[in-house]
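Here is target_23.cif, consisting of mmCIF, C-alpha atoms:
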```cif
data_final
#
loop_
_atom_site.label_atom_id
_atom_site.label_comp_id
_atom_site.auth_asym_id
_atom_site.auth_seq_id
_atom_site.Cartn_x
_atom_site.Cartn_y
_atom_site.Cartn_z
CA MET A 1 -2.58 -21.72 29.10
CA LYS A 2 0.95 -20.33 28.78
CA GLU A 3 1.46 -22.28 25.56
CA LYS A 4 -1.60 -20.62 24.00
CA GLY A 5 -0.26 -17.21 25.00
CA LYS A 6 3.16 -17.94 23.51
CA LYS A 7 1.60 -19.33 20.34
CA PHE A 8 -0.63 -16.26 20.01
CA THR A 9 2.33 -13.95 20.61
CA SER A 10 4.47 -15.69 18.02
CA GLU A 11 1.62 -15.71 15.50
CA PHE A 12 0.99 -12.03 16.13
CA LYS A 13 4.70 -11.20 15.72
CA GLU A 14 4.76 -13.14 12.46
CA PHE A 15 1.62 -11.36 11.25
CA ILE A 16 2.81 -7.88 12.19
CA SER A 17 6.26 -8.39 10.69
CA LYS A 18 4.91 -9.33 7.26
CA GLY A 19 5.34 -6.68 4.60
CA ASN A 20 1.62 -6.49 3.83
CA VAL A 21 0.77 -5.16 7.28
CA MET A 22 3.42 -2.46 7.03
CA ASP A 23 2.24 -1.58 3.52
CA LEU A 24 -1.29 -1.27 4.83
CA ALA A 25 -0.19 0.99 7.69
CA VAL A 26 1.69 3.25 5.29
CA GLY A 27 -1.34 3.28 2.98
CA VAL A 28 -3.66 4.34 5.80
CA ILE A 29 -1.33 7.17 6.84
CA ILE A 30 -0.87 8.41 3.28
CA GLY A 31 -4.61 8.02 2.70
CA GLY A 32 -5.32 10.31 5.64
CA ALA A 33 -2.98 12.96 4.27
CA PHE A 34 -4.41 12.50 0.77
CA SER A 35 -7.90 12.93 2.19
CA ALA A 36 -6.94 16.38 3.49
CA ILE A 37 -5.71 17.34 0.01
CA VAL A 38 -8.91 16.15 -1.65
CA THR A 39 -11.04 17.91 0.99
CA SER A 40 -9.24 21.16 0.23
CA LEU A 41 -9.61 20.55 -3.52
CA VAL A 42 -13.37 20.05 -3.13
CA ASN A 43 -14.03 22.83 -0.61
CA ASP A 44 -11.61 25.48 -1.89
CA ILE A 45 -11.53 24.94 -5.66
CA ILE A 46 -14.31 22.76 -7.04
CA MET A 47 -17.26 23.85 -4.88
CA PRO A 48 -16.67 27.59 -5.55
CA VAL A 49 -16.60 26.83 -9.31
CA ILE A 50 -19.82 24.81 -9.03
CA SER A 51 -21.34 27.63 -6.98
CA LEU A 52 -20.33 30.12 -9.70
CA ILE A 53 -21.86 27.91 -12.41
CA THR A 54 -25.09 27.50 -10.43
CA GLY A 55 -25.41 31.23 -9.77
CA GLY A 56 -23.77 31.52 -6.36
CA ILE A 57 -25.54 28.64 -4.68
CA ASP A 58 -23.75 27.45 -1.55
CA PHE A 59 -24.38 23.73 -1.03
CA THR A 60 -23.33 23.87 2.61
CA ASN A 61 -26.36 26.03 3.41
CA TRP A 62 -28.87 23.68 1.82
CA PHE A 63 -30.74 22.19 4.74
CA ILE A 64 -34.20 21.54 6.12
CA SER A 65 -34.91 22.60 9.67
CA LEU A 66 -36.85 19.91 11.51
CA ASP A 67 -38.17 22.24 14.18
CA GLY A 68 -40.22 24.25 11.66
CA ASN A 69 -38.31 27.51 12.11
CA LYS A 70 -36.49 29.35 9.33
CA TYR A 71 -32.75 29.95 9.61
CA ALA A 72 -30.53 31.89 7.22
CA THR A 73 -27.58 29.50 7.47
CA LEU A 74 -26.76 26.05 8.71
CA ALA A 75 -24.39 27.59 11.26
CA GLU A 76 -27.23 29.71 12.67
CA ALA A 77 -29.52 26.69 12.93
CA SER A 78 -26.80 24.64 14.62
CA ALA A 79 -26.02 27.50 17.04
CA LYS A 80 -29.66 27.60 18.12
CA GLY A 81 -29.70 23.85 18.63
CA ALA A 82 -32.10 23.08 15.79
CA SER A 83 -32.17 19.61 14.28
CA VAL A 84 -31.56 19.80 10.55
CA LEU A 85 -31.29 17.59 7.50
CA ALA A 86 -28.12 19.00 5.92
CA TYR A 87 -28.60 17.57 2.44
CA GLY A 88 -26.26 20.21 0.94
CA SER A 89 -23.41 18.82 3.01
CA PHE A 90 -24.41 15.38 1.75
CA ILE A 91 -24.21 16.58 -1.87
CA GLN A 92 -20.77 18.00 -1.13
CA ALA A 93 -19.70 14.67 0.41
CA ILE A 94 -20.87 12.85 -2.73
CA ILE A 95 -18.84 15.21 -4.92
CA TYR A 96 -15.86 14.67 -2.62
CA PHE A 97 -16.25 10.89 -2.90
CA LEU A 98 -16.51 10.98 -6.70
CA ILE A 99 -13.38 13.11 -7.01
CA LEU A 100 -11.49 10.87 -4.59
CA ALA A 101 -12.63 7.72 -6.42
CA PHE A 102 -11.60 9.22 -9.78
CA VAL A 103 -8.15 10.25 -8.50
CA ILE A 104 -7.56 6.81 -6.97
CA PHE A 105 -8.72 5.17 -10.21
CA MET A 106 -6.22 7.27 -12.18
CA LEU A 107 -3.42 6.43 -9.72
CA VAL A 108 -4.13 2.70 -9.86
CA LYS A 109 -4.39 2.84 -13.65
CA GLY A 110 -1.02 4.62 -13.84
CA VAL A 111 0.66 2.20 -11.45
CA ASN A 112 -0.73 -0.79 -13.38
CA LYS A 113 0.57 0.69 -16.63
CA LEU A 114 4.05 1.19 -15.13
CA THR A 115 4.05 -2.31 -13.63
CA LYS A 116 3.04 -3.82 -16.97
CA LYS A 117 5.86 -1.96 -18.75
CA LYS A 118 8.40 -3.14 -16.19
CA LYS A 119 7.24 -6.75 -16.57
CA GLU A 120 7.55 -6.49 -20.35
CA GLU A 121 11.07 -5.02 -20.02
CA VAL A 122 12.11 -7.83 -17.68
CA LYS A 123 10.81 -10.44 -20.14
CA GLU A 124 12.75 -8.83 -22.99
CA GLU A 125 15.97 -8.63 -20.97
CA LYS A 126 16.36 -12.38 -20.44
CA PRO A 127 19.79 -13.17 -21.82
CA LYS A 128 20.18 -16.05 -24.24
CA LYS A 129 22.34 -18.90 -23.13
CA SER A 130 25.73 -19.13 -24.76
CA ASN A 131 26.71 -22.19 -26.77
CA GLU A 132 29.01 -23.30 -23.94
CA GLU A 133 26.15 -23.14 -21.40
CA GLU A 134 23.87 -25.16 -23.65
CA LEU A 135 26.60 -27.73 -24.24
CA LEU A 136 27.33 -28.01 -20.49
CA GLU A 137 23.62 -28.51 -19.77
CA LYS A 138 23.43 -31.33 -22.33
CA ILE A 139 26.50 -32.99 -20.81
CA LEU A 140 24.95 -32.68 -17.34
CA GLU A 141 21.71 -34.26 -18.57
CA GLU A 142 23.65 -37.17 -20.10
CA LEU A 143 25.58 -37.73 -16.88
CA LYS A 144 22.33 -37.75 -14.88
CA LYS A 145 20.89 -40.38 -17.27
CA LYS A 146 23.93 -42.65 -16.79
CA LYS A 147 23.59 -42.65 -12.99
#
```
Could you render the structure as structure tokens?
Amino acid sequence: MKEKGKKFTSEFKEFISKGNVMDLAVGVIIGGAFSAIVTSLVNDIIMPVISLITGGIDFTNWFISLDGNKYATLAEASAKGASVLAYGSFIQAIIYFLILAFVIFMLVKGVNKLTKKKKEEVKEEKPKKSNEEELLEKILEELKKKK
């Protein structure tokens, strides 16, 4: 039983020490911070513009009360304990998702473009072998054939 525990511990240490796990952890942390930025972008900039375009409509107050009563706002319905279908919040979440997906797409596209350029630069920078190096390689090949 102790051997299984030691094997598990060593496997776990190997797994956790790999670069991919650390990269993932950093990605999750940055993703959380990025999510706050996108939330602010949607709530504070994009939704007011959409509301202006649609004549002052506030998506967050689009809801259906399931108890049959009428409420002026979602906050009022929630305060009175009413069950609601908050489809306006759902629309806002969809807009948030689309913006987030678009921004991530643009980031990945940019990173791929930079990576491709770097790979092309590395390929171009391969130095040519000098005549002496080529000659020494031929001599080495001939010596290997004689052995």
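Computed from the coordinates, the CA of Ser89 in chain A to CA of Thr60 in chain A distance equals 5.1 Å.
Coordinates place CA of Asn61 in chain A at a distance of 20.6 Å from CA of Leu98 in chain A.
Here CA of Ile37 in chain A and CA of Ala25 in chain A stand 18.9 Å from one another.
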Problem - Of the listed residues A:Phe105, A:Ser65, A:Phe59, A:Lys70, that which approaches Val42 in chain A most closely, counting only C-alpha atoms - result: A:Phe59
Handout entry: range 83-86 of chain A surroundings by all atoms listed in the file, 8 Å radius, close-in-sequence under 2 positions cut, as a VMD selection string
Key = chain A and resid 60 to 67 74 77 to 78 81 88 to 90
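Nearest to Thr73 in chain A of all the residues A:Asp58, A:Asp44, A:Glu142, A:Glu132 is A:Asp58, based on all atoms listed in the file.
Proximity of A:Leu114, A:Val21, A:Ile99, A:Val108 to Leu41 in chain A, computed with only C-alpha atoms, is greatest for A:Ile99.
Taking all atoms listed in the file, the non-local environment of Leu100 in chain A within 12 Å (same-chain residues fewer than 6 positions away omitted) comprises Gly31, Gly32, Phe34, Ser35, Ala36, Ile37, Val38, Thr39, Ser40, Leu41, Val42, Ala93, Ile94, Met106 and Leu107 of chain A.
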